[in-house]
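Colleague: Mind looking over this structure? Questions follow.
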Amino acid sequence: MTDAIGGVPFWDVTFDDDGDPDTRTTDALVAETGDLTDLYVFSHGWNNDPRTARALYDGFLGLLAQQLHADPRGTAGFAGVYWPAKRWSDEPIPDFTPVAAAGAGGVAALGPGGREPFAADPELDEQTVAGLLGTFPDAKEPIERMAALLRTPDPTQQTLDDFFAALGEFSAQAGPGGDDGEGDDPPAVPPMLADPPNDVFGRYRDALVASGAELPAGDGAAGFGNPLKGLLNGAKEALRGATYWQMKGRAGVVGRHGLGPLLGRLATARPGLRVHLIGHSFGARLVSYALDGLPAGVSTVKSVTLLQGAFSHFAFCRPLPFDAGRDGALAGRPERIDGPLTVGFSRHDEAVGRLYPLASLAARDDTAGVEKLLYRWGGMGADGAQNPDAVLDGIKPAGPGATYRFAKNRILNIDCGSIVQGRPGGPAAHSDITHPEVTWIVLAASRA
């Protein structure tokens, strides 16, 4: 056992980018959980700093621990999954003040929930560059080239073209990306790269402005200065989107090849243990793909709760609504849960609802335009799982009186928008999950 959170024993479980476990941590979990009746396994999302991941676990699981103590049933334990996901230095996490409150544009400042206008800056800070190099060592040359191009004070079209070429090289070298079945032919690189550079950068620039960014003076927006300056801000966000694409893919690999087999080991060693999976952002994709990696016959997963999931809202569909001949990548996997699958979402989550899907969007492939494609490539964190038989509930106050329509082999979407809105001076909506009403959903699902 590593230690405890809120008086509940806590184990950390670590995987590399291929899903290979740190056996010291996984062996300890299997060996030391013999006295438990319930194990809550939580995976972080866009975050590669163990300290900040642990801060999320302390905050969220700390609230859950209070609720478990208030109504004890059996003996519970917690496990936190650590995996190498890239968090940009200008993105906040729950209960932390943003690293750069004014000088860094992008998904750090999203939605109507508590963000003041902020100044967009196309440059990459040293911490972000170092993080990218550490996370994608095979793409060192294009990363350094893009970082240099983003420092161009007066960009030309050649600047943007060169950046786009480097972005393509980065995407090809950084490893397989993520697709949940919604693509006609799952691509090796983000589909956005099929469009012209200025179209891609313009979409990201517009999404950046819609999220509250103020572009620097002289960007050409008012008819003065260089209009390509605004596109350079869009280029930075396109790089962020490309890293999203890669991390989305990595989450699936770690879930299928890492966490899924570990849950199989636990089932063999502790056949009576009830396991409850919780995932935030990309972590929601990770625990969902763990279902795909479960050994045959394992039925110890009793609930799965996905919070602001940064993966396709069609992942569980059978068939896909836009192609009756194909299924989502995880169609049928909810049947491997011996209990409910719950999806918490918020309309205020513009990261999942607008910015992240742009990596998967190739506008020239669809005459209906960007809005329809944003829906096709949208994430569950913005509007829930889009299965036709899914049930919808609104979020309720924490406590025994809060009942939800949980059911085995049926997805329950819970609209958390009245709570998960973002906070002034704190996290944006995508990361605003540390609330007792949200942790109560996890507890209630585990006891359904």
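Residue numbers start at 1 in each chain; chains themselves are named A, B, ... in the order of the structure tokens; ligands are numbered from 1 in the order shown.
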As an MDAnalysis selection string, please: every residue in range 178-330 of chain A that a backbone DSSP assignment puts in helix (DSSP H, G or I).

Modeller: chainID A and resid 191:194 197:210 228:269 282:292

Colleague: So which residues touch Val304 in chain A within 7 Å, counting only C-alpha atoms, skipping near sequence neighbours fewer than 6 positions away, as a VMD selection string?

Modeller: chain A and resid 276 to 278 340 to 342

Colleague: Using only C-alpha atoms, which of the listed residues (A:Ala210, A:Leu63, A:Leu150, A:Ala79) sits closest to Arg354 in chain A?

Modeller: A:Ala210

Colleague: Please extract the residues of range 247-318 of chain A with a backbone DSSP assignment of strand (DSSP E) and present them as a PyMOL selection string.

Modeller: chain A and resi 274-280+301-307

Colleague: Go ahead and write the selection's residues with N, CA and C atoms as a compact mmCIF listing (two decimals), in the first residue's frame.

Modeller:
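The resulting part_30.txt:
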# COMPACT_ATOMS: atom_id res chain seq x y z
N ARG A 274 -15.02 -6.45 -5.58
CA ARG A 274 -15.84 -5.65 -6.49
C ARG A 274 -15.02 -4.45 -6.94
N VAL A 275 -14.85 -4.31 -8.26
CA VAL A 275 -14.02 -3.24 -8.83
C VAL A 275 -14.91 -2.19 -9.48
N HIS A 276 -14.60 -0.92 -9.21
CA HIS A 276 -15.36 0.20 -9.77
C HIS A 276 -14.37 1.12 -10.49
N LEU A 277 -14.57 1.31 -11.77
CA LEU A 277 -13.66 2.10 -12.59
C LEU A 277 -14.18 3.52 -12.74
N ILE A 278 -13.27 4.49 -12.61
CA ILE A 278 -13.59 5.90 -12.77
C ILE A 278 -12.55 6.50 -13.71
N GLY A 279 -12.97 7.25 -14.69
CA GLY A 279 -12.03 7.90 -15.59
C GLY A 279 -12.42 9.32 -15.87
N HIS A 280 -11.40 10.20 -15.89
CA HIS A 280 -11.63 11.60 -16.25
C HIS A 280 -10.89 11.92 -17.53
N VAL A 301 -15.82 -6.30 -12.51
CA VAL A 301 -16.07 -4.87 -12.69
C VAL A 301 -17.56 -4.62 -12.48
N LYS A 302 -17.88 -3.91 -11.42
CA LYS A 302 -19.28 -3.74 -11.03
C LYS A 302 -19.86 -2.38 -11.41
N SER A 303 -19.01 -1.41 -11.73
CA SER A 303 -19.51 -0.13 -12.21
C SER A 303 -18.39 0.59 -12.93
N VAL A 304 -18.77 1.43 -13.89
CA VAL A 304 -17.83 2.28 -14.61
C VAL A 304 -18.45 3.67 -14.69
N THR A 305 -17.70 4.68 -14.25
CA THR A 305 -18.17 6.06 -14.29
C THR A 305 -17.18 6.89 -15.10
N LEU A 306 -17.66 7.50 -16.17
CA LEU A 306 -16.84 8.30 -17.08
C LEU A 306 -17.19 9.78 -16.87
N LEU A 307 -16.18 10.59 -16.55
CA LEU A 307 -16.39 12.00 -16.23
C LEU A 307 -15.68 12.88 -17.25

Colleague: Given the choices A:Arg151, A:Arg73, A:Arg203, A:Arg24, which gets closest to Glu371 in chain A if the distance is worked out from only C-alpha atoms?

Modeller: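 Once distances to Glu371 in chain A are computed over only C-alpha atoms, the minimum belongs to A:Arg203.
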